[in-house]
file input_31.txt (compact mmCIF, N, CA and C atoms)
# COMPACT_ATOMS: atom_id res chain seq x y z
N MET A 23 4.33 -11.02 -3.94
CA MET A 23 4.47 -9.96 -2.98
C MET A 23 5.21 -8.81 -3.64
N ALA A 24 4.73 -7.61 -3.38
CA ALA A 24 5.39 -6.41 -3.88
C ALA A 24 5.93 -5.64 -2.69
N VAL A 25 7.20 -5.25 -2.75
CA VAL A 25 7.82 -4.44 -1.70
C VAL A 25 8.43 -3.22 -2.36
N PHE A 26 8.11 -2.05 -1.84
CA PHE A 26 8.62 -0.82 -2.41
C PHE A 26 9.46 -0.11 -1.37
N GLY A 27 10.67 0.31 -1.74
CA GLY A 27 11.56 0.97 -0.81
C GLY A 27 12.17 2.23 -1.38
N ARG A 28 11.55 2.83 -2.36
CA ARG A 28 12.06 4.04 -2.99
C ARG A 28 11.39 5.26 -2.39
N LYS A 29 11.87 6.43 -2.84
CA LYS A 29 11.19 7.67 -2.52
C LYS A 29 9.74 7.52 -2.94
N VAL A 30 8.83 8.12 -2.18
CA VAL A 30 7.40 7.97 -2.51
C VAL A 30 7.20 8.35 -3.96
N GLY A 31 6.67 7.43 -4.70
CA GLY A 31 6.43 7.64 -6.11
C GLY A 31 5.50 6.56 -6.59
N ARG A 32 5.19 6.60 -7.84
CA ARG A 32 4.24 5.65 -8.40
C ARG A 32 4.88 4.29 -8.59
N ALA A 33 4.15 3.27 -8.16
CA ALA A 33 4.54 1.88 -8.38
C ALA A 33 3.27 1.12 -8.74
N ASP A 34 3.28 0.43 -9.84
CA ASP A 34 2.09 -0.26 -10.31
C ASP A 34 2.09 -1.72 -9.87
N LEU A 35 0.88 -2.23 -9.58
CA LEU A 35 0.70 -3.60 -9.11
C LEU A 35 -0.17 -4.39 -10.06
N ARG A 36 0.09 -5.67 -10.14
CA ARG A 36 -0.81 -6.62 -10.80
C ARG A 36 -1.33 -7.55 -9.72
N LEU A 37 -2.65 -7.54 -9.52
CA LEU A 37 -3.30 -8.40 -8.55
C LEU A 37 -4.07 -9.48 -9.28
N VAL A 38 -4.20 -10.66 -8.67
CA VAL A 38 -4.89 -11.79 -9.31
C VAL A 38 -6.11 -12.16 -8.47
N ARG A 39 -7.27 -12.19 -9.12
CA ARG A 39 -8.51 -12.56 -8.43
C ARG A 39 -8.38 -13.95 -7.83
N GLY A 40 -8.81 -14.10 -6.58
CA GLY A 40 -8.79 -15.40 -5.93
C GLY A 40 -7.46 -15.81 -5.32
N ASP A 41 -6.42 -15.02 -5.51
CA ASP A 41 -5.12 -15.30 -4.90
C ASP A 41 -4.93 -14.44 -3.66
N SER A 42 -4.14 -14.93 -2.73
CA SER A 42 -3.75 -14.07 -1.63
C SER A 42 -2.66 -13.13 -2.16
N GLU A 43 -2.67 -11.92 -1.67
CA GLU A 43 -1.71 -10.92 -2.12
C GLU A 43 -1.09 -10.27 -0.89
N ARG A 44 0.16 -9.90 -1.00
CA ARG A 44 0.86 -9.17 0.06
C ARG A 44 1.51 -7.94 -0.56
N VAL A 45 1.21 -6.80 0.03
CA VAL A 45 1.81 -5.55 -0.43
C VAL A 45 2.57 -4.97 0.76
N ALA A 46 3.85 -4.70 0.56
CA ALA A 46 4.68 -4.18 1.64
C ALA A 46 5.44 -2.96 1.16
N VAL A 47 5.60 -2.03 2.06
CA VAL A 47 6.33 -0.80 1.79
C VAL A 47 7.42 -0.68 2.84
N TRP A 48 8.60 -0.26 2.42
CA TRP A 48 9.71 -0.07 3.33
C TRP A 48 10.02 1.41 3.41
N TRP A 49 9.81 2.02 4.57
CA TRP A 49 10.01 3.44 4.76
C TRP A 49 11.35 3.68 5.44
N ARG A 50 12.20 4.43 4.76
CA ARG A 50 13.51 4.80 5.28
C ARG A 50 13.67 6.31 5.15
N GLN A 51 14.54 6.87 5.94
CA GLN A 51 14.84 8.29 5.84
C GLN A 51 16.35 8.49 5.76
N ARG A 52 16.74 9.48 4.95
CA ARG A 52 18.16 9.81 4.79
C ARG A 52 18.46 11.08 5.59
N ASN A 53 19.51 11.02 6.39
CA ASN A 53 20.00 12.19 7.09
C ASN A 53 20.75 13.03 6.05
N VAL A 54 20.26 14.23 5.77
CA VAL A 54 20.86 15.05 4.71
C VAL A 54 22.26 15.54 5.07
N LEU A 55 22.58 15.59 6.35
CA LEU A 55 23.92 16.03 6.75
C LEU A 55 24.95 14.92 6.63
N THR A 56 24.59 13.71 7.02
CA THR A 56 25.54 12.60 7.03
C THR A 56 25.37 11.64 5.85
N GLY A 57 24.20 11.66 5.22
CA GLY A 57 23.92 10.72 4.13
C GLY A 57 23.51 9.34 4.60
N VAL A 58 23.45 9.13 5.91
CA VAL A 58 23.08 7.83 6.46
C VAL A 58 21.58 7.60 6.29
N VAL A 59 21.25 6.41 5.80
CA VAL A 59 19.85 6.03 5.61
C VAL A 59 19.46 5.03 6.70
N THR A 60 18.36 5.32 7.39
CA THR A 60 17.88 4.43 8.44
C THR A 60 16.38 4.19 8.27
N PRO A 61 15.92 3.00 8.62
CA PRO A 61 14.49 2.72 8.55
C PRO A 61 13.74 3.51 9.63
N VAL A 62 12.51 3.84 9.33
CA VAL A 62 11.64 4.51 10.30
C VAL A 62 10.97 3.43 11.15
N ASP A 63 10.99 3.60 12.46
CA ASP A 63 10.34 2.64 13.35
C ASP A 63 8.83 2.80 13.19
N MET A 64 8.20 1.83 12.56
CA MET A 64 6.76 1.88 12.27
C MET A 64 5.93 1.14 13.32
N SER A 65 6.58 0.60 14.35
CA SER A 65 5.87 -0.26 15.29
C SER A 65 4.77 0.47 16.07
N TRP A 66 4.84 1.78 16.16
CA TRP A 66 3.80 2.54 16.87
C TRP A 66 2.82 3.21 15.90
N TRP A 67 2.99 2.98 14.62
CA TRP A 67 2.13 3.56 13.60
C TRP A 67 1.04 2.56 13.22
N SER A 68 0.00 3.05 12.57
CA SER A 68 -0.99 2.16 11.95
C SER A 68 -0.99 2.46 10.46
N GLY A 69 -1.27 1.43 9.68
CA GLY A 69 -1.24 1.59 8.23
C GLY A 69 -2.49 1.02 7.60
N ARG A 70 -2.78 1.46 6.38
CA ARG A 70 -3.97 1.00 5.67
C ARG A 70 -3.70 0.99 4.17
N LEU A 71 -4.05 -0.14 3.55
CA LEU A 71 -4.02 -0.28 2.09
C LEU A 71 -5.40 0.07 1.55
N GLU A 72 -5.46 0.87 0.51
CA GLU A 72 -6.72 1.21 -0.14
C GLU A 72 -6.64 0.88 -1.62
N LEU A 73 -7.71 0.29 -2.14
CA LEU A 73 -7.90 0.13 -3.58
C LEU A 73 -9.06 1.04 -3.96
N ARG A 74 -8.85 1.89 -4.95
CA ARG A 74 -9.84 2.88 -5.34
C ARG A 74 -10.14 2.80 -6.83
N SER A 75 -11.20 3.47 -7.21
CA SER A 75 -11.59 3.56 -8.62
C SER A 75 -10.49 4.26 -9.41
N PRO A 76 -10.52 4.15 -10.75
CA PRO A 76 -9.46 4.77 -11.56
C PRO A 76 -9.28 6.27 -11.33
N ASP A 77 -10.36 6.98 -11.03
CA ASP A 77 -10.22 8.42 -10.77
C ASP A 77 -9.98 8.72 -9.29
N GLY A 78 -9.98 7.69 -8.46
CA GLY A 78 -9.70 7.84 -7.04
C GLY A 78 -10.88 8.27 -6.18
N SER A 79 -12.04 8.49 -6.80
CA SER A 79 -13.18 9.03 -6.06
C SER A 79 -13.92 7.99 -5.22
N GLU A 80 -13.86 6.71 -5.60
CA GLU A 80 -14.58 5.66 -4.87
C GLU A 80 -13.59 4.74 -4.17
N LEU A 81 -13.84 4.48 -2.90
CA LEU A 81 -13.05 3.50 -2.16
C LEU A 81 -13.68 2.13 -2.39
N TRP A 82 -12.94 1.23 -3.04
CA TRP A 82 -13.45 -0.10 -3.36
C TRP A 82 -13.08 -1.14 -2.29
N TYR A 83 -11.92 -0.96 -1.69
CA TYR A 83 -11.44 -1.96 -0.72
C TYR A 83 -10.47 -1.26 0.23
N SER A 84 -10.54 -1.62 1.49
CA SER A 84 -9.65 -1.06 2.49
C SER A 84 -9.24 -2.18 3.44
N GLN A 85 -7.96 -2.26 3.71
CA GLN A 85 -7.42 -3.33 4.55
C GLN A 85 -6.34 -2.75 5.46
N ALA A 86 -6.48 -2.96 6.75
CA ALA A 86 -5.43 -2.52 7.68
C ALA A 86 -4.16 -3.30 7.42
N CYS A 87 -3.04 -2.64 7.60
CA CYS A 87 -1.75 -3.33 7.53
C CYS A 87 -1.63 -4.19 8.78
N GLY A 88 -1.44 -5.47 8.59
CA GLY A 88 -1.35 -6.39 9.70
C GLY A 88 -0.02 -6.31 10.42
N SER A 89 1.00 -5.79 9.75
CA SER A 89 2.33 -5.67 10.36
C SER A 89 2.88 -4.28 10.09
N MET A 90 3.30 -3.64 11.16
CA MET A 90 4.02 -2.37 11.10
C MET A 90 5.28 -2.62 11.93
N THR A 91 6.44 -2.66 11.29
CA THR A 91 7.63 -3.17 11.95
C THR A 91 8.61 -2.07 12.40
N SER A 92 9.46 -2.43 13.32
CA SER A 92 10.47 -1.49 13.81
C SER A 92 11.56 -1.22 12.78
N ASP A 93 11.66 -2.08 11.76
CA ASP A 93 12.66 -1.85 10.71
C ASP A 93 12.06 -1.25 9.45
N GLY A 94 10.92 -0.56 9.59
CA GLY A 94 10.40 0.27 8.51
C GLY A 94 9.38 -0.31 7.58
N TYR A 95 8.87 -1.52 7.83
CA TYR A 95 7.91 -2.13 6.91
C TYR A 95 6.47 -1.91 7.35
N ALA A 96 5.63 -1.61 6.37
CA ALA A 96 4.18 -1.62 6.53
C ALA A 96 3.68 -2.70 5.58
N ILE A 97 3.02 -3.73 6.11
CA ILE A 97 2.65 -4.90 5.31
C ILE A 97 1.15 -5.14 5.40
N ALA A 98 0.52 -5.23 4.23
CA ALA A 98 -0.92 -5.54 4.16
C ALA A 98 -1.10 -6.84 3.40
N ASP A 99 -1.88 -7.74 3.97
CA ASP A 99 -2.21 -9.01 3.33
C ASP A 99 -3.65 -8.97 2.86
N ILE A 100 -3.86 -9.25 1.58
CA ILE A 100 -5.20 -9.31 1.00
C ILE A 100 -5.59 -10.79 0.91
N PRO A 101 -6.67 -11.20 1.60
CA PRO A 101 -7.06 -12.61 1.55
C PRO A 101 -7.64 -12.98 0.17
N PRO A 102 -7.60 -14.26 -0.20
CA PRO A 102 -8.08 -14.69 -1.53
C PRO A 102 -9.53 -14.30 -1.81
N SER A 103 -10.36 -14.29 -0.79
CA SER A 103 -11.78 -13.98 -1.00
C SER A 103 -12.06 -12.50 -1.23
N ALA A 104 -11.12 -11.63 -0.89
CA ALA A 104 -11.36 -10.18 -0.93
C ALA A 104 -11.68 -9.65 -2.33
N LEU A 105 -11.02 -10.17 -3.34
CA LEU A 105 -11.19 -9.63 -4.70
C LEU A 105 -11.87 -10.62 -5.63
N SER A 106 -12.56 -11.62 -5.06
CA SER A 106 -13.14 -12.67 -5.90
C SER A 106 -14.64 -12.53 -6.11
N GLY A 107 -15.30 -11.58 -5.44
CA GLY A 107 -16.74 -11.40 -5.60
C GLY A 107 -17.12 -10.89 -6.98
N ASP A 108 -18.40 -11.02 -7.32
CA ASP A 108 -18.88 -10.62 -8.65
C ASP A 108 -18.63 -9.14 -8.96
N VAL A 109 -18.64 -8.28 -7.94
CA VAL A 109 -18.43 -6.86 -8.17
C VAL A 109 -17.05 -6.58 -8.80
N TRP A 110 -16.08 -7.46 -8.54
CA TRP A 110 -14.72 -7.26 -9.05
C TRP A 110 -14.58 -7.61 -10.53
N VAL A 111 -15.60 -8.22 -11.12
CA VAL A 111 -15.56 -8.49 -12.57
C VAL A 111 -15.50 -7.17 -13.34
N GLN A 112 -16.16 -6.14 -12.82
CA GLN A 112 -16.18 -4.83 -13.46
C GLN A 112 -15.04 -3.92 -12.98
N ARG A 113 -14.38 -4.31 -11.94
CA ARG A 113 -13.31 -3.48 -11.35
C ARG A 113 -11.95 -4.05 -11.73
N ARG A 114 -11.56 -3.83 -12.94
CA ARG A 114 -10.33 -4.44 -13.48
C ARG A 114 -9.09 -3.58 -13.30
N ALA A 115 -9.26 -2.33 -12.95
CA ALA A 115 -8.12 -1.43 -12.79
C ALA A 115 -8.52 -0.27 -11.89
N GLY A 116 -7.53 0.30 -11.25
CA GLY A 116 -7.79 1.44 -10.38
C GLY A 116 -6.50 1.95 -9.76
N ARG A 117 -6.66 2.66 -8.68
CA ARG A 117 -5.53 3.23 -7.94
C ARG A 117 -5.38 2.53 -6.59
N TRP A 118 -4.17 2.46 -6.09
CA TRP A 118 -3.92 1.91 -4.77
C TRP A 118 -2.99 2.85 -4.01
N ARG A 119 -2.99 2.74 -2.68
CA ARG A 119 -2.03 3.45 -1.85
C ARG A 119 -1.98 2.81 -0.47
N ILE A 120 -0.84 3.01 0.18
CA ILE A 120 -0.70 2.66 1.60
C ILE A 120 -0.40 3.96 2.32
N ARG A 121 -1.24 4.23 3.32
CA ARG A 121 -1.07 5.41 4.16
C ARG A 121 -0.78 4.96 5.58
N ALA A 122 0.06 5.70 6.26
CA ALA A 122 0.40 5.41 7.64
C ALA A 122 0.00 6.59 8.52
N THR A 123 -0.53 6.26 9.68
CA THR A 123 -0.92 7.28 10.65
C THR A 123 -0.05 7.11 11.88
N GLY A 124 0.58 8.20 12.28
CA GLY A 124 1.49 8.16 13.41
C GLY A 124 0.79 8.03 14.74
N PRO A 125 1.56 7.77 15.78
CA PRO A 125 0.99 7.66 17.12
C PRO A 125 0.22 8.94 17.46
N GLY A 126 -0.97 8.79 17.96
CA GLY A 126 -1.79 9.94 18.31
C GLY A 126 -2.59 10.49 17.14
N GLY A 127 -2.34 10.00 15.94
CA GLY A 127 -3.12 10.39 14.76
C GLY A 127 -2.77 11.74 14.17
N GLY A 128 -1.76 12.41 14.69
CA GLY A 128 -1.44 13.74 14.19
C GLY A 128 -0.72 13.78 12.86
N VAL A 129 -0.04 12.70 12.50
CA VAL A 129 0.74 12.67 11.27
C VAL A 129 0.20 11.56 10.37
N VAL A 130 -0.12 11.91 9.12
CA VAL A 130 -0.55 10.92 8.14
C VAL A 130 0.36 11.04 6.93
N ARG A 131 0.94 9.94 6.51
CA ARG A 131 1.87 9.92 5.37
C ARG A 131 1.41 8.90 4.34
N THR A 132 1.50 9.27 3.08
CA THR A 132 1.34 8.29 2.01
C THR A 132 2.71 7.66 1.81
N LEU A 133 2.80 6.36 2.03
CA LEU A 133 4.08 5.66 1.92
C LEU A 133 4.34 5.19 0.50
N ALA A 134 3.28 4.80 -0.20
CA ALA A 134 3.42 4.34 -1.59
C ALA A 134 2.06 4.44 -2.25
N TRP A 135 2.07 4.56 -3.58
CA TRP A 135 0.83 4.67 -4.33
C TRP A 135 1.10 4.24 -5.78
N GLY A 136 0.04 4.05 -6.51
CA GLY A 136 0.18 3.73 -7.92
C GLY A 136 -1.14 3.24 -8.47
N TYR A 137 -1.03 2.49 -9.55
CA TYR A 137 -2.20 1.94 -10.23
C TYR A 137 -2.14 0.41 -10.11
N PHE A 138 -3.31 -0.20 -10.09
CA PHE A 138 -3.34 -1.65 -10.07
C PHE A 138 -4.18 -2.16 -11.23
N THR A 139 -3.85 -3.37 -11.64
CA THR A 139 -4.62 -4.12 -12.63
C THR A 139 -5.03 -5.41 -11.96
N LEU A 140 -6.29 -5.79 -12.12
CA LEU A 140 -6.79 -7.03 -11.55
C LEU A 140 -7.05 -8.01 -12.69
N SER A 141 -6.41 -9.16 -12.61
CA SER A 141 -6.58 -10.16 -13.66
C SER A 141 -7.07 -11.47 -13.06
N ASP A 142 -7.53 -12.36 -13.93
CA ASP A 142 -8.01 -13.67 -13.49
C ASP A 142 -6.87 -14.67 -13.46

call {"tool": "encode", "arguments": {"input": "input_31.txt", "output": "structure tokens"}}
result
Amino acid sequence: MAVFGRKVGRADLRLVRGDSERVAVWWRQRNVLTGVVTPVDMSWWSGRLELRSPDGSELWYSQACGSMTSDGYAIADIPPSALSGDVWVQRRAGRWRIRATGPGGGVVRTLAWGYFTLSD
């Protein structure tokens, strides 16, 4: 399982074909006046994990985040069968990201992104 809780920035993943994978992001905000850091209540948001081609132009896999928590977590579970098909033999690396959409769909945020490597 990979959990990212930093300022939005690049974080690279290693995924294994045929294994279940969990990718989680922890979204927090800092009050610039007080310095207090608090998690963002994600329970009313929806999230989505995307795996894309190396240049980002092709969407290879998309999975809704199964958990969006009140303490700031967006969690996506990739089932073992998702990356085990023959098409994934040629898809050994690419880009990933988790995006969250706020209540009503008016706000879309990239919570985390980076590059992934798929190994056997």

call {"tool": "select_by_dssp", "arguments": {"input": "input_31.txt", "residues": "chain A", "states": "strand (DSSP E or B)", "output": "PyMOL selection string"}}
result
chain A and resi 24-26+32+35-38+43-48+50-52+59-61+68-74+81-86+89-90+95-100+115-123+130-141

call {"tool": "closest_residue", "arguments": {"input": "input_31.txt", "among": "A:Asp93, A:Cys87, A:Arg117, A:Ser141", "to": "Val59 in chain A", "atoms": "only C-alpha atoms"}}
result
A:Asp93

call {"tool": "residues_near_point", "arguments": {"input": "input_31.txt", "point": "(-9.6, 0.1, -13.5)", "cutoff": "7 Å", "atoms": "all atoms listed in the file", "output": "ChimeraX atom specification"}}
result
/A:75-76,112-117,138-140

call {"tool": "residues_around", "arguments": {"input": "input_31.txt", "residues": "Tyr83 in chain A", "least_positions_apart": "3", "cutoff": "8 Å", "atoms": "only N, CA and C atoms", "output": "PyMOL selection string"}}
result
chain A and resi 71-75+80+86+104

call {"tool": "atom_distance", "arguments": {"input": "input_31.txt", "atom1": "atom C of Arg70 in chain A", "atom2": "CA of Ser92 in chain A"}}
result
17.3 Å

call {"tool": "atom_distance", "arguments": {"input": "input_31.txt", "atom1": "CA of Leu133 in chain A", "atom2": "CA of Arg36 in chain A"}}
result
18.3 Å

call {"tool": "closest_residue", "arguments": {"input": "input_31.txt", "among": "A:Ala122, A:Trp135, A:Asp142, A:Val129", "to": "Arg32 in chain A", "atoms": "only N, CA and C atoms"}}
result
A:Trp135

call {"tool": "atom_distance", "arguments": {"input": "input_31.txt", "atom1": "atom C of Pro101 in chain A", "atom2": "CA of Gln85 in chain A"}}
result
10.6 Å

call {"tool": "closest_residue", "arguments": {"input": "input_31.txt", "among": "A:Arg50, A:Arg119, A:Arg44, A:Arg39", "to": "Gly78 in chain A", "atoms": "only C-alpha atoms"}}
result
A:Arg119

call {"tool": "select_by_dssp", "arguments": {"input": "input_31.txt", "residues": "range 53-125 of chain A", "states": "helix (DSSP H, G or I)", "output": "list in words"}}
result
Asp108, Val109, Trp110, Val111 and Pro125 of chain A

call {"tool": "closest_residue", "arguments": {"input": "input_31.txt", "among": "A:Gly136, A:Gly127, A:Gly69, A:Gly57", "to": "Ala98 in chain A", "atoms": "only N, CA and C atoms"}}
result
A:Gly69

call {"tool": "build_atoms", "arguments": {"input": "input_31.txt", "residues": "range 99-110 of chain A", "atoms": "all heavy atoms", "output": "PDB file, in the coordinates of the input"}}
result
ATOM      1  N   ASP A  99      -1.880  -7.740   3.970  1.00  0.00           N
ATOM      2  CA  ASP A  99      -2.210  -9.010   3.330  1.00  0.00           C
ATOM      3  C   ASP A  99      -3.650  -8.970   2.860  1.00  0.00           C
ATOM      4  O   ASP A  99      -4.560  -8.698   3.649  1.00  0.00           O
ATOM      5  CB  ASP A  99      -2.017 -10.175   4.297  1.00  0.00           C
ATOM      6  CG  ASP A  99      -0.555 -10.405   4.616  1.00  0.00           C
ATOM      7  OD1 ASP A  99       0.230 -10.577   3.660  1.00  0.00           O
ATOM      8  OD2 ASP A  99      -0.194 -10.394   5.806  1.00  0.00           O
ATOM      9  N   ILE A 100      -3.860  -9.250   1.580  1.00  0.00           N
ATOM     10  CA  ILE A 100      -5.200  -9.310   1.000  1.00  0.00           C
ATOM     11  C   ILE A 100      -5.590 -10.790   0.910  1.00  0.00           C
ATOM     12  O   ILE A 100      -4.926 -11.554   0.211  1.00  0.00           O
ATOM     13  CB  ILE A 100      -5.239  -8.670  -0.400  1.00  0.00           C
ATOM     14  CG1 ILE A 100      -4.745  -7.227  -0.347  1.00  0.00           C
ATOM     15  CG2 ILE A 100      -6.657  -8.741  -0.980  1.00  0.00           C
ATOM     16  CD1 ILE A 100      -4.575  -6.585  -1.724  1.00  0.00           C
ATOM     17  N   PRO A 101      -6.670 -11.200   1.600  1.00  0.00           N
ATOM     18  CA  PRO A 101      -7.060 -12.610   1.550  1.00  0.00           C
ATOM     19  C   PRO A 101      -7.640 -12.980   0.170  1.00  0.00           C
ATOM     20  O   PRO A 101      -8.127 -12.114  -0.551  1.00  0.00           O
ATOM     21  CB  PRO A 101      -8.121 -12.731   2.647  1.00  0.00           C
ATOM     22  CG  PRO A 101      -8.625 -11.360   2.864  1.00  0.00           C
ATOM     23  CD  PRO A 101      -7.525 -10.418   2.498  1.00  0.00           C
ATOM     24  N   PRO A 102      -7.600 -14.260  -0.200  1.00  0.00           N
ATOM     25  CA  PRO A 102      -8.080 -14.690  -1.530  1.00  0.00           C
ATOM     26  C   PRO A 102      -9.530 -14.300  -1.810  1.00  0.00           C
ATOM     27  O   PRO A 102      -9.874 -13.996  -2.946  1.00  0.00           O
ATOM     28  CB  PRO A 102      -7.920 -16.218  -1.491  1.00  0.00           C
ATOM     29  CG  PRO A 102      -6.928 -16.489  -0.429  1.00  0.00           C
ATOM     30  CD  PRO A 102      -7.043 -15.373   0.568  1.00  0.00           C
ATOM     31  N   SER A 103     -10.360 -14.290  -0.790  1.00  0.00           N
ATOM     32  CA  SER A 103     -11.780 -13.980  -1.000  1.00  0.00           C
ATOM     33  C   SER A 103     -12.060 -12.500  -1.230  1.00  0.00           C
ATOM     34  O   SER A 103     -13.124 -12.133  -1.739  1.00  0.00           O
ATOM     35  CB  SER A 103     -12.596 -14.456   0.206  1.00  0.00           C
ATOM     36  OG  SER A 103     -12.142 -13.793   1.376  1.00  0.00           O
ATOM     37  N   ALA A 104     -11.120 -11.630  -0.890  1.00  0.00           N
ATOM     38  CA  ALA A 104     -11.360 -10.180  -0.930  1.00  0.00           C
ATOM     39  C   ALA A 104     -11.680  -9.650  -2.330  1.00  0.00           C
ATOM     40  O   ALA A 104     -12.518  -8.771  -2.480  1.00  0.00           O
ATOM     41  CB  ALA A 104     -10.169  -9.441  -0.358  1.00  0.00           C
ATOM     42  N   LEU A 105     -11.020 -10.170  -3.340  1.00  0.00           N
ATOM     43  CA  LEU A 105     -11.190  -9.630  -4.700  1.00  0.00           C
ATOM     44  C   LEU A 105     -11.870 -10.620  -5.630  1.00  0.00           C
ATOM     45  O   LEU A 105     -11.802 -10.491  -6.850  1.00  0.00           O
ATOM     46  CB  LEU A 105      -9.826  -9.245  -5.279  1.00  0.00           C
ATOM     47  CG  LEU A 105      -8.969  -8.322  -4.412  1.00  0.00           C
ATOM     48  CD1 LEU A 105      -7.634  -8.057  -5.069  1.00  0.00           C
ATOM     49  CD2 LEU A 105      -9.699  -7.036  -4.105  1.00  0.00           C
ATOM     50  N   SER A 106     -12.560 -11.620  -5.060  1.00  0.00           N
ATOM     51  CA  SER A 106     -13.140 -12.670  -5.900  1.00  0.00           C
ATOM     52  C   SER A 106     -14.640 -12.530  -6.110  1.00  0.00           C
ATOM     53  O   SER A 106     -15.215 -13.274  -6.877  1.00  0.00           O
ATOM     54  CB  SER A 106     -12.824 -14.048  -5.314  1.00  0.00           C
ATOM     55  OG  SER A 106     -13.391 -14.173  -4.022  1.00  0.00           O
ATOM     56  N   GLY A 107     -15.300 -11.580  -5.440  1.00  0.00           N
ATOM     57  CA  GLY A 107     -16.740 -11.400  -5.600  1.00  0.00           C
ATOM     58  C   GLY A 107     -17.120 -10.890  -6.980  1.00  0.00           C
ATOM     59  O   GLY A 107     -16.277 -10.390  -7.747  1.00  0.00           O
ATOM     60  N   ASP A 108     -18.400 -11.020  -7.320  1.00  0.00           N
ATOM     61  CA  ASP A 108     -18.880 -10.620  -8.650  1.00  0.00           C
ATOM     62  C   ASP A 108     -18.630  -9.140  -8.960  1.00  0.00           C
ATOM     63  O   ASP A 108     -18.427  -8.780 -10.120  1.00  0.00           O
ATOM     64  CB  ASP A 108     -20.379 -10.910  -8.783  1.00  0.00           C
ATOM     65  CG  ASP A 108     -20.682 -12.403  -8.832  1.00  0.00           C
ATOM     66  OD1 ASP A 108     -19.752 -13.174  -9.148  1.00  0.00           O
ATOM     67  OD2 ASP A 108     -21.836 -12.774  -8.549  1.00  0.00           O
ATOM     68  N   VAL A 109     -18.640  -8.280  -7.940  1.00  0.00           N
ATOM     69  CA  VAL A 109     -18.430  -6.860  -8.170  1.00  0.00           C
ATOM     70  C   VAL A 109     -17.050  -6.580  -8.800  1.00  0.00           C
ATOM     71  O   VAL A 109     -16.884  -5.622  -9.537  1.00  0.00           O
ATOM     72  CB  VAL A 109     -18.623  -6.054  -6.860  1.00  0.00           C
ATOM     73  CG1 VAL A 109     -17.521  -6.356  -5.864  1.00  0.00           C
ATOM     74  CG2 VAL A 109     -18.716  -4.576  -7.144  1.00  0.00           C
ATOM     75  N   TRP A 110     -16.080  -7.460  -8.540  1.00  0.00           N
ATOM     76  CA  TRP A 110     -14.720  -7.260  -9.050  1.00  0.00           C
ATOM     77  C   TRP A 110     -14.580  -7.610 -10.530  1.00  0.00           C
ATOM     78  O   TRP A 110     -13.555  -7.294 -11.142  1.00  0.00           O
ATOM     79  CB  TRP A 110     -13.715  -8.031  -8.203  1.00  0.00           C
ATOM     80  CG  TRP A 110     -13.581  -7.397  -6.855  1.00  0.00           C
ATOM     81  CD1 TRP A 110     -14.201  -7.792  -5.705  1.00  0.00           C
ATOM     82  CD2 TRP A 110     -12.835  -6.228  -6.535  1.00  0.00           C
ATOM     83  NE1 TRP A 110     -13.877  -6.940  -4.683  1.00  0.00           N
ATOM     84  CE2 TRP A 110     -13.030  -5.967  -5.162  1.00  0.00           C
ATOM     85  CE3 TRP A 110     -12.020  -5.373  -7.265  1.00  0.00           C
ATOM     86  CZ2 TRP A 110     -12.444  -4.890  -4.513  1.00  0.00           C
ATOM     87  CZ3 TRP A 110     -11.426  -4.303  -6.608  1.00  0.00           C
ATOM     88  CH2 TRP A 110     -11.641  -4.069  -5.259  1.00  0.00           C
TER      89      TRP A 110
END
